[in-house]
Structure formats: C-alpha cells, structure tokens
$ cat input.pdb   # PDB, C-alpha atoms
ATOM      1  CA  MET M  27     -68.799   0.509  16.364  1.00  0.00           C
ATOM      2  CA  ALA M  28     -71.455   2.817  15.026  1.00  0.00           C
ATOM      3  CA  ILE M  29     -70.672   4.743  11.883  1.00  0.00           C
ATOM      4  CA  GLY M  30     -71.863   8.309  12.249  1.00  0.00           C
ATOM      5  CA  LYS M  31     -71.371  11.643  10.569  1.00  0.00           C
ATOM      6  CA  ASP M  32     -68.233  12.184  12.664  1.00  0.00           C
ATOM      7  CA  SER M  33     -66.663   8.894  11.492  1.00  0.00           C
ATOM      8  CA  THR M  34     -64.353   8.119   8.614  1.00  0.00           C
ATOM      9  CA  THR M  35     -63.038   4.918   7.109  1.00  0.00           C
ATOM     10  CA  ILE M  36     -59.359   3.999   7.252  1.00  0.00           C
ATOM     11  CA  THR M  37     -58.139   0.856   5.540  1.00  0.00           C
ATOM     12  CA  VAL M  38     -55.450  -1.052   7.397  1.00  0.00           C
ATOM     13  CA  ILE M  39     -53.521  -3.825   5.683  1.00  0.00           C
ATOM     14  CA  VAL M  40     -52.262  -6.543   8.023  1.00  0.00           C
ATOM     15  CA  LYS M  41     -51.023 -10.077   7.667  1.00  0.00           C
ATOM     16  CA  LYS M  42     -53.642 -12.771   8.092  1.00  0.00           C
ATOM     17  CA  THR M  43     -51.996 -13.967  11.310  1.00  0.00           C
ATOM     18  CA  GLU M  44     -52.047 -10.415  12.712  1.00  0.00           C
ATOM     19  CA  LYS M  45     -55.759 -10.125  11.935  1.00  0.00           C
ATOM     20  CA  GLU M  46     -56.397 -13.426  13.689  1.00  0.00           C
ATOM     21  CA  ARG M  47     -54.461 -12.245  16.741  1.00  0.00           C
ATOM     22  CA  LEU M  48     -56.360  -8.942  16.795  1.00  0.00           C
ATOM     23  CA  GLN M  49     -59.664 -10.787  16.444  1.00  0.00           C
ATOM     24  CA  ARG M  50     -58.738 -13.014  19.391  1.00  0.00           C
ATOM     25  CA  LEU M  51     -58.054  -9.941  21.519  1.00  0.00           C
ATOM     26  CA  ALA M  52     -61.348  -8.343  20.444  1.00  0.00           C
ATOM     27  CA  ASP M  53     -63.210 -11.563  21.230  1.00  0.00           C
ATOM     28  CA  LYS M  54     -61.561 -11.688  24.657  1.00  0.00           C
ATOM     29  CA  GLU M  55     -62.964  -8.218  25.392  1.00  0.00           C
ATOM     30  CA  LYS M  56     -66.325  -9.213  23.822  1.00  0.00           C
ATOM     31  CA  ARG M  57     -66.062  -6.445  21.221  1.00  0.00           C
ATOM     32  CA  SER M  58     -66.228  -6.214  17.467  1.00  0.00           C
ATOM     33  CA  LEU M  59     -62.877  -5.985  15.710  1.00  0.00           C
ATOM     34  CA  SER M  60     -63.621  -2.449  14.484  1.00  0.00           C
ATOM     35  CA  GLY M  61     -64.728  -1.310  17.954  1.00  0.00           C
ATOM     36  CA  PHE M  62     -61.654  -2.887  19.536  1.00  0.00           C
ATOM     37  CA  LEU M  63     -59.306  -1.230  17.031  1.00  0.00           C
ATOM     38  CA  SER M  64     -61.048   2.120  17.425  1.00  0.00           C
ATOM     39  CA  SER M  65     -60.629   2.086  21.216  1.00  0.00           C
ATOM     40  CA  LYS M  66     -56.986   1.003  20.984  1.00  0.00           C
ATOM     41  CA  MET M  67     -56.275   3.715  18.393  1.00  0.00           C
ATOM     42  CA  ASP M  68     -57.843   6.297  20.722  1.00  0.00           C
ATOM     43  CA  GLU M  69     -55.627   5.088  23.604  1.00  0.00           C
ATOM     44  CA  LEU M  70     -52.519   5.247  21.416  1.00  0.00           C
ATOM     45  CA  ILE M  71     -53.294   8.742  20.136  1.00  0.00           C
ATOM     46  CA  THR M  72     -53.970  10.012  23.668  1.00  0.00           C
ATOM     47  CA  GLN M  73     -50.646   8.588  24.902  1.00  0.00           C
ATOM     48  CA  HIS M  74     -48.759  10.354  22.114  1.00  0.00           C
ATOM     49  CA  GLU M  75     -50.643  13.640  22.572  1.00  0.00           C
ATOM     50  CA  ILE M  76     -49.558  13.581  26.222  1.00  0.00           C
ATOM     51  CA  LYS M  77     -45.994  12.530  25.325  1.00  0.00           C
ATOM     52  CA  TYR M  78     -45.601  15.383  22.811  1.00  0.00           C
ATOM     53  CA  ASN M  79     -47.714  17.852  24.824  1.00  0.00           C
ATOM     54  CA  LEU M  80     -50.086  18.465  21.911  1.00  0.00           C
ATOM     55  CA  PRO M  81     -53.166  20.604  22.492  1.00  0.00           C
ATOM     56  CA  PRO M  82     -56.523  18.851  22.042  1.00  0.00           C
ATOM     57  CA  ILE M  83     -58.272  19.198  18.690  1.00  0.00           C
ATOM     58  CA  LYS M  84     -61.208  21.561  18.916  1.00  0.00           C
ATOM     59  CA  GLU M  85     -64.526  19.989  17.971  1.00  0.00           C
ATOM     60  CA  GLU M  86     -66.329  21.620  15.047  1.00  0.00           C
ATOM     61  CA  LYS M  87     -69.831  22.873  15.825  1.00  0.00           C
TER      62      LYS M  87
END
$ encode --input "input.pdb" --output "structure tokens"
Amino acid sequence: MAIGKDSTTITVIVKKTEKERLQRLADKEKRSLSGFLSSKMDELITQHEIKYNLPPIKEEK
C-alpha cells in the first residue's frame, strides 16, 4: 500500500495469533498485510454506509 498525502496511520492492536491469521489471508491474496487490511476496511465501511444510508464523504480539492 502506498502512503500518500491522502493517507493516515492507524495503529491496530491484535493478538499475535490474529496477526498470523490475517497475514495468512493476505498471503493467500498475494498482498501485503497493510494493503489487505486497507481493502477489507474499505469493504466494511462501504457495507455500513449502505446499511445506514450515509451520504458519501465529499473529497477535498
């Protein structure tokens, strides 16, 4: 995952076994752990925005 000016860092604390499981999933998809987590977070947010009928966030120019 590329870190750009539109990125921020979020620290997530997980158990070692959870990290290993996440890494296995990322490896299965041939992705870095950070890229895998970023895509899954995006999917989760989108599902909840649809569920709660939230308007999209407007991009700053």
$ atom_distance --input "input.pdb" --atom1 "CA of Ser60 in chain M" --atom2 "CA of Ser33 in chain M"
12.1 Å
$ resolve_selection --input "input.pdb" --expression "the PyMOL selection byres ((chain M and resi 62) around 9)" --output "PDB file with C-alpha atoms, keeping the file's coordinate frame"
ATOM      1  CA  MET M  27     -68.799   0.509  16.364  1.00  0.00           C
ATOM      2  CA  LEU M  48     -56.360  -8.942  16.795  1.00  0.00           C
ATOM      3  CA  GLN M  49     -59.664 -10.787  16.444  1.00  0.00           C
ATOM      4  CA  LEU M  51     -58.054  -9.941  21.519  1.00  0.00           C
ATOM      5  CA  ALA M  52     -61.348  -8.343  20.444  1.00  0.00           C
ATOM      6  CA  ASP M  53     -63.210 -11.563  21.230  1.00  0.00           C
ATOM      7  CA  GLU M  55     -62.964  -8.218  25.392  1.00  0.00           C
ATOM      8  CA  LYS M  56     -66.325  -9.213  23.822  1.00  0.00           C
ATOM      9  CA  ARG M  57     -66.062  -6.445  21.221  1.00  0.00           C
ATOM     10  CA  SER M  58     -66.228  -6.214  17.467  1.00  0.00           C
ATOM     11  CA  LEU M  59     -62.877  -5.985  15.710  1.00  0.00           C
ATOM     12  CA  SER M  60     -63.621  -2.449  14.484  1.00  0.00           C
ATOM     13  CA  GLY M  61     -64.728  -1.310  17.954  1.00  0.00           C
ATOM     14  CA  LEU M  63     -59.306  -1.230  17.031  1.00  0.00           C
ATOM     15  CA  SER M  64     -61.048   2.120  17.425  1.00  0.00           C
ATOM     16  CA  SER M  65     -60.629   2.086  21.216  1.00  0.00           C
ATOM     17  CA  LYS M  66     -56.986   1.003  20.984  1.00  0.00           C
ATOM     18  CA  MET M  67     -56.275   3.715  18.393  1.00  0.00           C
TER      19      MET M  67
END
$ atom_distance --input "input.pdb" --atom1 "CA of Arg50 in chain M" --atom2 "CA of Lys77 in chain M"
29.2 Å
$ axis_aligned_box --input "input.pdb" --around "range 51-63 of chain M" --padding-each-side "6 Å" --output "lines of an AutoDock Vina configuration file"
center_x = -62.2
center_y = -6.5
center_z = 19.9
size_x = 20.3
size_y = 22.5
size_z = 22.9
$ atom_distance --input "input.pdb" --atom1 "CA of Ile36 in chain M" --atom2 "CA of Ile71 in chain M"
15.0 Å
$ build_atoms --input "input.pdb" --residues "range 61-83 of chain M" --atoms "N, CA, C and O atoms" --output "PDB file, keeping the file's coordinate frame"
ATOM      1  N   GLY M  61     -64.603  -2.023  16.683  1.00  0.00           N
ATOM      2  CA  GLY M  61     -64.728  -1.310  17.954  1.00  0.00           C
ATOM      3  C   GLY M  61     -63.469  -1.441  18.796  1.00  0.00           C
ATOM      4  O   GLY M  61     -63.022  -0.481  19.435  1.00  0.00           O
ATOM      5  N   PHE M  62     -62.889  -2.638  18.802  1.00  0.00           N
ATOM      6  CA  PHE M  62     -61.654  -2.887  19.536  1.00  0.00           C
ATOM      7  C   PHE M  62     -60.523  -2.020  18.980  1.00  0.00           C
ATOM      8  O   PHE M  62     -59.814  -1.341  19.731  1.00  0.00           O
ATOM      9  N   LEU M  63     -60.370  -2.020  17.653  1.00  0.00           N
ATOM     10  CA  LEU M  63     -59.306  -1.230  17.031  1.00  0.00           C
ATOM     11  C   LEU M  63     -59.518   0.261  17.260  1.00  0.00           C
ATOM     12  O   LEU M  63     -58.554   0.995  17.502  1.00  0.00           O
ATOM     13  N   SER M  64     -60.751   0.710  17.204  1.00  0.00           N
ATOM     14  CA  SER M  64     -61.048   2.120  17.425  1.00  0.00           C
ATOM     15  C   SER M  64     -60.651   2.548  18.839  1.00  0.00           C
ATOM     16  O   SER M  64     -60.029   3.598  19.032  1.00  0.00           O
ATOM     17  N   SER M  65     -60.974   1.727  19.837  1.00  0.00           N
ATOM     18  CA  SER M  65     -60.629   2.086  21.216  1.00  0.00           C
ATOM     19  C   SER M  65     -59.116   2.052  21.431  1.00  0.00           C
ATOM     20  O   SER M  65     -58.564   2.914  22.124  1.00  0.00           O
ATOM     21  N   LYS M  66     -58.443   1.084  20.830  1.00  0.00           N
ATOM     22  CA  LYS M  66     -56.986   1.003  20.984  1.00  0.00           C
ATOM     23  C   LYS M  66     -56.309   2.166  20.268  1.00  0.00           C
ATOM     24  O   LYS M  66     -55.305   2.707  20.753  1.00  0.00           O
ATOM     25  N   MET M  67     -56.832   2.567  19.122  1.00  0.00           N
ATOM     26  CA  MET M  67     -56.275   3.715  18.393  1.00  0.00           C
ATOM     27  C   MET M  67     -56.439   4.982  19.231  1.00  0.00           C
ATOM     28  O   MET M  67     -55.519   5.795  19.340  1.00  0.00           O
ATOM     29  N   ASP M  68     -57.604   5.137  19.866  1.00  0.00           N
ATOM     30  CA  ASP M  68     -57.843   6.297  20.722  1.00  0.00           C
ATOM     31  C   ASP M  68     -56.847   6.329  21.881  1.00  0.00           C
ATOM     32  O   ASP M  68     -56.289   7.379  22.209  1.00  0.00           O
ATOM     33  N   GLU M  69     -56.601   5.171  22.507  1.00  0.00           N
ATOM     34  CA  GLU M  69     -55.627   5.088  23.604  1.00  0.00           C
ATOM     35  C   GLU M  69     -54.231   5.482  23.119  1.00  0.00           C
ATOM     36  O   GLU M  69     -53.515   6.227  23.794  1.00  0.00           O
ATOM     37  N   LEU M  70     -53.846   4.967  21.964  1.00  0.00           N
ATOM     38  CA  LEU M  70     -52.519   5.247  21.416  1.00  0.00           C
ATOM     39  C   LEU M  70     -52.346   6.732  21.097  1.00  0.00           C
ATOM     40  O   LEU M  70     -51.320   7.340  21.428  1.00  0.00           O
ATOM     41  N   ILE M  71     -53.360   7.318  20.473  1.00  0.00           N
ATOM     42  CA  ILE M  71     -53.294   8.742  20.136  1.00  0.00           C
ATOM     43  C   ILE M  71     -53.189   9.578  21.400  1.00  0.00           C
ATOM     44  O   ILE M  71     -52.364  10.501  21.482  1.00  0.00           O
ATOM     45  N   THR M  72     -53.998   9.264  22.406  1.00  0.00           N
ATOM     46  CA  THR M  72     -53.970  10.012  23.668  1.00  0.00           C
ATOM     47  C   THR M  72     -52.593   9.938  24.314  1.00  0.00           C
ATOM     48  O   THR M  72     -52.060  10.952  24.785  1.00  0.00           O
ATOM     49  N   GLN M  73     -51.990   8.742  24.324  1.00  0.00           N
ATOM     50  CA  GLN M  73     -50.646   8.588  24.902  1.00  0.00           C
ATOM     51  C   GLN M  73     -49.643   9.492  24.192  1.00  0.00           C
ATOM     52  O   GLN M  73     -48.801  10.137  24.830  1.00  0.00           O
ATOM     53  N   HIS M  74     -49.717   9.548  22.870  1.00  0.00           N
ATOM     54  CA  HIS M  74     -48.759  10.354  22.114  1.00  0.00           C
ATOM     55  C   HIS M  74     -49.050  11.850  22.237  1.00  0.00           C
ATOM     56  O   HIS M  74     -48.130  12.665  22.235  1.00  0.00           O
ATOM     57  N   GLU M  75     -50.322  12.223  22.348  1.00  0.00           N
ATOM     58  CA  GLU M  75     -50.643  13.640  22.572  1.00  0.00           C
ATOM     59  C   GLU M  75     -50.051  14.106  23.900  1.00  0.00           C
ATOM     60  O   GLU M  75     -49.500  15.208  23.995  1.00  0.00           O
ATOM     61  N   ILE M  76     -50.133  13.249  24.920  1.00  0.00           N
ATOM     62  CA  ILE M  76     -49.558  13.581  26.222  1.00  0.00           C
ATOM     63  C   ILE M  76     -48.032  13.622  26.119  1.00  0.00           C
ATOM     64  O   ILE M  76     -47.389  14.556  26.595  1.00  0.00           O
ATOM     65  N   LYS M  77     -47.456  12.617  25.463  1.00  0.00           N
ATOM     66  CA  LYS M  77     -45.994  12.530  25.325  1.00  0.00           C
ATOM     67  C   LYS M  77     -45.427  13.778  24.639  1.00  0.00           C
ATOM     68  O   LYS M  77     -44.396  14.310  25.046  1.00  0.00           O
ATOM     69  N   TYR M  78     -46.100  14.245  23.582  1.00  0.00           N
ATOM     70  CA  TYR M  78     -45.601  15.383  22.811  1.00  0.00           C
ATOM     71  C   TYR M  78     -46.260  16.703  23.211  1.00  0.00           C
ATOM     72  O   TYR M  78     -46.054  17.724  22.561  1.00  0.00           O
ATOM     73  N   ASN M  79     -47.062  16.663  24.299  1.00  0.00           N
ATOM     74  CA  ASN M  79     -47.714  17.852  24.824  1.00  0.00           C
ATOM     75  C   ASN M  79     -48.510  18.590  23.749  1.00  0.00           C
ATOM     76  O   ASN M  79     -48.386  19.812  23.599  1.00  0.00           O
ATOM     77  N   LEU M  80     -49.283  17.866  22.977  1.00  0.00           N
ATOM     78  CA  LEU M  80     -50.086  18.465  21.911  1.00  0.00           C
ATOM     79  C   LEU M  80     -51.419  18.946  22.479  1.00  0.00           C
ATOM     80  O   LEU M  80     -52.041  18.276  23.285  1.00  0.00           O
ATOM     81  N   PRO M  81     -51.870  20.120  22.023  1.00  0.00           N
ATOM     82  CA  PRO M  81     -53.166  20.604  22.492  1.00  0.00           C
ATOM     83  C   PRO M  81     -54.285  19.739  21.885  1.00  0.00           C
ATOM     84  O   PRO M  81     -54.123  19.199  20.799  1.00  0.00           O
ATOM     85  N   PRO M  82     -55.410  19.637  22.590  1.00  0.00           N
ATOM     86  CA  PRO M  82     -56.523  18.851  22.042  1.00  0.00           C
ATOM     87  C   PRO M  82     -57.083  19.512  20.781  1.00  0.00           C
ATOM     88  O   PRO M  82     -57.004  20.729  20.613  1.00  0.00           O
ATOM     89  N   ILE M  83     -57.639  18.691  19.916  1.00  0.00           N
ATOM     90  CA  ILE M  83     -58.272  19.198  18.690  1.00  0.00           C
ATOM     91  C   ILE M  83     -59.635  19.751  19.065  1.00  0.00           C
ATOM     92  O   ILE M  83     -60.409  19.098  19.770  1.00  0.00           O
TER      93      ILE M  83
END
